[in-house]
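Visitor: Pasting in a structure now, in structure tokens, and then I'll have a few things to ask.
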Amino acid sequence: MKPRIPRSFSSPPRRQRGAVLVLVVIALLAMLAMAALALDGSHMLLNKTRLQNAVDAAALSGAKTLQQVMGSGNASTLARDAALATLSLNASAPGNGELATAMAGNAGFAVVELSNSVYGPFVFPGPADARYVRVSVPDYPLAGFFWGILGAIGDGDTPDKAVAAIATAGPSPTSPCDIAPLMVCGEPDQYDPETGMFWGYQFGDLEVLKSAAGNAPAIGPGNFQLIRLGSNTGAADIRNALAGGIDQCNTVGDEVETEPGNSVGPVAQGINTRFGQYTGPMANSSGSYPPDLVTSFSNPKMTYNDSVSPARVEYQGQVVTSNGGDLSTANTALLDYNDWRQAVGNCPNGCESNGVFERRMMKIVVGNCDGESGGQTSVPVLGFACFFLLQTVAQQGNEAQIFGQFVKECEGDNVPGPTPEDDVGPVVIQLYKTYLDPSTVSKDS
């Protein structure tokens with residue numbers, strides 16, 4: 001009987017040859033796939049974040065510019081140019097080299113569109129009453145590192161390595177802090193934004209904001225539409241507040257305290273700084289209280305005729321009327337809010353070199369004066385309104401009347417509200433979710 005010869009296990013059986021190589025290849029592919037997900041995925045996430053930040057800033061810049069140049073003949077173009085310029089500035093920032101390269105020579109890289117509703121539709125140049133700006137980058141291609149390996153282990157079709165971003169910005173109502181110490185009386189039951197009615201006021205309405213001593217005041221004898229801002233009382237504080245030097249945040253539902261007395265001189269001295277005129281204690285205050293960008297107004301000035309009933313505003317003896325914000329008499333067109341908007345849109349041409357946007361726009365309280373009478377009293381706040389100053393205040397004896405126009409919207413200074421702009425008064429520009437339709441939010445916003 002032959003002895004058994006032990007079988008050697010030093011080499012694998014024939015049927016197992018090559019199995020280790022397959023396992024190594026599979027492991028290598030898995031490692032490369034993980035590298036692709038880690039390196040290329042992180043690269044995409046980083047560039048998506050950078051792109052979104054740049055697009056957000058561009059939308060805010062476009063909406064802010066649109067707010068400032070509304071009324072000019074090329075507001076849409078100016079808003080688009082501002083948005084694209086901001087996007088370009090962000091692309092040139094350190095770390096954004098890929099974004100700058102992608103934008104270079106690619107005129108269609110970013111799309112800027114406008115709408116009068118946060119829900120759209122967004123187009124360019126958009127409607128004449130556009131308030132919202134949308135900036136979108138639909139395709140930002142990125143360099144791949146291990147990206148192609150995903151196609152090798154899949155169906156062979158490697159998806160494009162690219163990111164997209166979209167942002168929408170526009171106005172949102174806010175409770176202002178830079179309130180002027182003035183109040184007009186409103187009607188709570190005359191509030192219908194759909195028809196353009198706000199507590200009895202409509203866009204372009206011509207109003208006398210402060211009663212003269214001989215007029216019948218809205219809140220009884222001794223009250224001339226002046227209010228106290230917090231603990232600030234007296235003529236000196238009234239002057240500084242009308243110049244824009246006192247902040248006092250209020251909200252709808254609060255009450256304001258009226259300030260008795262006429263304060264003729266301080267009223268004129270404070271308000272006229274907004275036109276670049278500095279007299280009395282304000283003589284050396286141009287640095288603290290700069291003028292508006294545009295300070296021109298009709299000359300001679302409008303006057304208030306209270307010798308007729310009802311009292312009325314006149315220009316050279318003729319009654320002044322308003323039509324869609326355009327003021328005129330039977331024979332003469334007057335400089336008004338619409339003219340000011342167009343002039344501001346053409347800045348810096350013809351504008352004050354040290355001027356500040358909307359210095360001629362005052363944020364004032366609309367109060368529910370019903371039942372209140374005389375002297376110092378508390379009045380519930382219905383809301384806040386924007387009033388455009390039409391001319392400097394002329395101090396004549398015991399009269400210091402303020403002529404203004406009711407304006408639906410102006411620049412605010414407090415935190416934004418949660419809803420799009422559908423109210424009246426001061427607003428701030430903020431970002432909104434981007435809606436593809438009224439019920440669908442974009443995943444790229």
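In the structure tokens, chains take the letters A, B, ... in the order shown, each chain's residues start at 1, and ligands count up from 1 in the order shown.
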Can you tell me which residues surround Thr295 in chain A at a distance of at most 12 Å, considering only C-alpha atoms, apart from same-chain residues fewer than 3 positions away, and format the answer as a VMD selection string?

Guide: chain A and resid 272 to 277 290 to 292 298 335 to 337 339 to 341 343 to 344 350 to 361 388 to 392

Visitor: For the residues in that selection, give me C-alpha atoms as an mmCIF file, in the first residue's frame.

Guide:
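Done, and the output landed in selection.cif:
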data_model
loop_
_atom_site.group_PDB
_atom_site.id
_atom_site.type_symbol
_atom_site.label_atom_id
_atom_site.label_comp_id
_atom_site.auth_asym_id
_atom_site.auth_seq_id
_atom_site.Cartn_x
_atom_site.Cartn_y
_atom_site.Cartn_z
ATOM 1 C CA ASN A 272 -36.185 122.659 6.279
ATOM 2 C CA THR A 273 -32.893 120.853 6.943
ATOM 3 C CA ARG A 274 -34.291 118.166 4.646
ATOM 4 C CA PHE A 275 -34.108 120.753 1.852
ATOM 5 C CA GLY A 276 -30.613 121.902 2.773
ATOM 6 C CA GLN A 277 -31.776 125.055 4.589
ATOM 7 C CA PRO A 290 -27.914 116.363 5.151
ATOM 8 C CA PRO A 291 -30.440 117.391 2.488
ATOM 9 C CA ASP A 292 -32.388 115.121 0.199
ATOM 10 C CA SER A 298 -42.434 124.823 -7.211
ATOM 11 C CA LEU A 335 -43.348 119.741 -8.959
ATOM 12 C CA ASP A 336 -44.580 116.719 -7.029
ATOM 13 C CA TYR A 337 -43.702 113.224 -5.854
ATOM 14 C CA ASP A 339 -41.275 114.430 -10.549
ATOM 15 C CA TRP A 340 -39.062 113.792 -7.528
ATOM 16 C CA ARG A 341 -38.973 110.039 -8.210
ATOM 17 C CA ALA A 343 -35.224 113.113 -10.707
ATOM 18 C CA VAL A 344 -33.854 110.676 -8.108
ATOM 19 C CA GLY A 350 -28.772 117.317 -10.978
ATOM 20 C CA CYS A 351 -28.682 115.892 -7.447
ATOM 21 C CA GLU A 352 -27.166 117.242 -4.248
ATOM 22 C CA SER A 353 -23.603 115.965 -3.866
ATOM 23 C CA ASN A 354 -24.106 115.370 -0.140
ATOM 24 C CA GLY A 355 -27.756 114.377 -0.502
ATOM 25 C CA VAL A 356 -29.379 111.344 1.108
ATOM 26 C CA PHE A 357 -32.161 109.247 -0.405
ATOM 27 C CA GLU A 358 -35.683 109.991 0.893
ATOM 28 C CA ARG A 359 -34.824 112.773 3.297
ATOM 29 C CA ARG A 360 -37.980 114.440 1.981
ATOM 30 C CA MET A 361 -39.993 111.393 2.974
ATOM 31 C CA PHE A 388 -43.532 113.325 0.774
ATOM 32 C CA LEU A 389 -42.591 116.911 1.632
ATOM 33 C CA LEU A 390 -43.540 119.180 -1.240
ATOM 34 C CA GLN A 391 -41.812 122.393 -0.161
ATOM 35 C CA THR A 392 -40.005 124.085 2.673
#

Visitor: Excluding Pro416 in chain A and residues on its chain fewer than 5 positions from it, collect all residues at most 12 Å away from it, counting only C-alpha atoms, and give them as a CSV table (one decimal) with N, CA and C atoms, in the first residue's frame.

Guide:
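Written output follows (part_31.csv):
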chain,number,residue,atom,x,y,z
A,169,ALA,N,-36.1,88.9,-3.8
A,169,ALA,CA,-36.1,89.9,-2.8
A,169,ALA,C,-37.1,91.0,-3.1
A,170,GLY,N,-37.6,91.7,-2.1
A,170,GLY,CA,-38.5,92.7,-2.3
A,170,GLY,C,-38.9,93.4,-1.0
A,171,PRO,N,-39.9,94.3,-1.0
A,171,PRO,CA,-40.3,95.0,0.2
A,171,PRO,C,-41.1,94.2,1.2
A,172,SER,N,-40.9,94.5,2.5
A,172,SER,CA,-41.7,94.0,3.6
A,172,SER,C,-42.1,95.1,4.6
A,173,PRO,N,-43.4,95.2,5.0
A,173,PRO,CA,-43.7,96.2,5.9
A,173,PRO,C,-43.0,96.1,7.2
A,174,THR,N,-42.7,97.3,7.8
A,174,THR,CA,-42.0,97.3,9.1
A,174,THR,C,-42.6,98.4,10.0
A,175,SER,N,-42.5,98.3,11.3
A,175,SER,CA,-42.9,99.4,12.2
A,175,SER,C,-41.6,100.3,12.3
A,176,PRO,N,-41.7,101.5,11.9
A,176,PRO,CA,-40.5,102.3,11.8
A,176,PRO,C,-40.0,102.8,13.2
A,411,GLU,N,-38.9,104.0,2.5
A,411,GLU,CA,-37.8,103.2,3.1
A,411,GLU,C,-38.0,103.2,4.6
A,421,GLU,N,-45.0,92.6,0.9
A,421,GLU,CA,-45.5,93.9,1.0
A,421,GLU,C,-46.9,94.0,0.4
A,426,PRO,N,-43.8,102.4,5.7
A,426,PRO,CA,-42.3,102.1,5.6
A,426,PRO,C,-42.1,100.6,5.3
A,427,VAL,N,-41.2,100.3,4.5
A,427,VAL,CA,-40.8,98.9,4.2
A,427,VAL,C,-39.3,98.7,4.2
A,428,VAL,N,-38.9,97.5,4.4
A,428,VAL,CA,-37.5,97.2,4.3
A,428,VAL,C,-37.4,96.1,3.2
A,429,ILE,N,-36.2,96.0,2.6
A,429,ILE,CA,-36.0,95.0,1.5
A,429,ILE,C,-35.5,93.7,2.2
A,430,GLN,N,-36.1,92.6,1.9
A,430,GLN,CA,-35.7,91.3,2.5
A,430,GLN,C,-35.8,90.2,1.4
A,431,LEU,N,-35.2,89.1,1.8
A,431,LEU,CA,-35.3,87.9,0.9
A,431,LEU,C,-36.5,87.1,1.2
A,432,TYR,N,-37.1,86.5,0.2
A,432,TYR,CA,-38.3,85.7,0.3
A,432,TYR,C,-38.0,84.3,-0.3

Visitor: Suppose you want the space between CA of Ala59 in chain A and CA of Gly108 in chain A; what is it in Å?

Guide: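 Between CA of Ala59 in chain A and CA of Gly108 in chain A the gap works out to 16.3 Å.
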
Visitor: Quick one: everything within 10 Å of Asp326 in chain A, counting only C-alpha atoms, minus sequence neighbours fewer than 3 positions away in the same chain. Send it as a list in words.

Guide: Gly204, Asp205, Leu206, Thr321, Ser322, Asn323, Ala333, Leu334, Leu335, Asp336, Tyr337, Asn338, Asp339 and Gln405 of chain A

Visitor: If you keep C-alpha atoms, can you produce a file of those selected residues as a PDB file, in the first residue's frame?

Guide:
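again.pdb, freshly written:
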ATOM      1  CA  GLY A 204     -50.863 111.184  -4.172  1.00  0.00           C
ATOM      2  CA  ASP A 205     -53.425 112.831  -1.898  1.00  0.00           C
ATOM      3  CA  LEU A 206     -52.389 116.371  -1.057  1.00  0.00           C
ATOM      4  CA  THR A 321     -55.686 119.091  -7.427  1.00  0.00           C
ATOM      5  CA  SER A 322     -54.026 115.676  -7.480  1.00  0.00           C
ATOM      6  CA  ASN A 323     -54.408 112.989 -10.121  1.00  0.00           C
ATOM      7  CA  ALA A 333     -48.253 121.600 -13.461  1.00  0.00           C
ATOM      8  CA  LEU A 334     -46.446 121.577 -10.102  1.00  0.00           C
ATOM      9  CA  LEU A 335     -43.348 119.741  -8.959  1.00  0.00           C
ATOM     10  CA  ASP A 336     -44.580 116.719  -7.029  1.00  0.00           C
ATOM     11  CA  TYR A 337     -43.702 113.224  -5.854  1.00  0.00           C
ATOM     12  CA  ASN A 338     -43.706 111.762  -9.360  1.00  0.00           C
ATOM     13  CA  ASP A 339     -41.275 114.430 -10.549  1.00  0.00           C
ATOM     14  CA  GLN A 405     -48.438 113.953  -0.442  1.00  0.00           C
TER      15      GLN A 405
END

Visitor: Would you mind telling me which residue in A:Thr329, A:Ala268, A:Asn240, A:Met44 lies nearest to Ser285 in chain A when using only C-alpha atoms?

Guide: A:Asn240

Visitor: Mind pulling up the distance from CA of Gly62 in chain A to CA of Val133 in chain A?

Guide: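 CA of Gly62 in chain A lies at a distance of 6.2 Å from CA of Val133 in chain A.
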
Visitor: Please compute the CA of Asp254 in chain A-CA of Arg228 in chain A distance, one decimal, in Å.

Guide: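 Separating CA of Asp254 in chain A from CA of Arg228 in chain A is a distance of 13.1 Å.
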
Visitor: Would you list the contacts of range 178-190 of chain A as a VMD selection string, taking every protein, DNA or RNA residue within 10 Å and counting only C-alpha atoms, but skipping same-chain residues closer than 4 positions in sequence?

Guide: chain A and resid 197 to 201 207 to 210 218 to 219 224 to 229 232 237 to 250 256 to 259 267 271 361 to 370 379 381 to 386 412 to 414 426

Visitor: Report as a ChimeraX atom specification: the residues of range 41-263 of chain A with a DSSP assignment of strand (DSSP E or B), based on the backbone of this structure.

Guide: /A:70,72,111-115,123,132-141,162-173,179-185,191-192,197-198,201,206-208,223-227,229,232,255-260

Visitor: Could you check which of A:Ser72, A:Thr168, A:Ser286, A:Thr303 is closest to Ser115 in chain A, using only C-alpha atoms?

Guide: A:Thr168

Visitor: Which is closer to Val112 in chain A than all the others in A:Ser231, A:Thr440, A:Ser61, A:Asn305, using only C-alpha atoms?

Guide: A:Ser61

Visitor: Using the chain letters and numbers from this document, which residues of range 191-359 of chain A does DSSP assign to alpha helix (DSSP H), as a list in words?

Guide: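 Of range 191-359 of chain A, only Ala235, Ala236, Asp237, Ile238, Arg239, Asn240, Ala241, Leu242, Ala243, Val264, Gly265, Pro266, Val267, Ala268, Gln269, Gly270, Ile271, Asn272, Tyr337, Asn338, Asp339, Trp340, Arg341, Gln342, Ala343, Val344 and Gly345 of chain A fall in alpha helix (DSSP H).
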
Visitor: I'd like the contact shell of Ala58 in chain A - 7 Å cut-off, only C-alpha atoms, skipping same-chain residues fewer than 3 positions apart - returned as a list in words.

Guide: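 Everything that qualifies: Ala54, Val55, Ser61, Gly62, Ala83, Leu84, Thr86, Leu87 and Val135 of chain A.
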
Visitor: Take the residues from that selection and write them out as a short mmCIF file (atom, residue, chain, number, x, y, z; two decimals), in the first residue's frame, keeping N, CA and C atoms.

Guide:
data_model
loop_
_atom_site.label_atom_id
_atom_site.label_comp_id
_atom_site.auth_asym_id
_atom_site.auth_seq_id
_atom_site.Cartn_x
_atom_site.Cartn_y
_atom_site.Cartn_z
N ALA A 54 -24.03 84.67 -3.15
CA ALA A 54 -23.84 85.71 -4.17
C ALA A 54 -25.16 86.08 -4.82
N VAL A 55 -26.00 85.08 -5.09
CA VAL A 55 -27.30 85.34 -5.72
C VAL A 55 -28.23 86.06 -4.75
N SER A 61 -29.63 93.61 -3.76
CA SER A 61 -29.13 94.83 -4.40
C SER A 61 -30.07 95.31 -5.50
N GLY A 62 -30.58 94.37 -6.30
CA GLY A 62 -31.50 94.75 -7.36
C GLY A 62 -32.79 95.32 -6.82
N ALA A 83 -28.02 94.34 -9.77
CA ALA A 83 -27.98 92.94 -9.34
C ALA A 83 -26.78 92.22 -9.96
N LEU A 84 -26.55 92.41 -11.26
CA LEU A 84 -25.44 91.74 -11.92
C LEU A 84 -24.09 92.28 -11.44
N THR A 86 -23.47 93.38 -8.41
CA THR A 86 -23.25 92.77 -7.09
C THR A 86 -22.80 91.32 -7.23
N LEU A 87 -23.41 90.60 -8.15
CA LEU A 87 -23.00 89.22 -8.40
C LEU A 87 -21.55 89.16 -8.86
N VAL A 135 -33.26 86.77 -9.05
CA VAL A 135 -31.98 86.48 -9.72
C VAL A 135 -31.78 84.97 -9.70
#
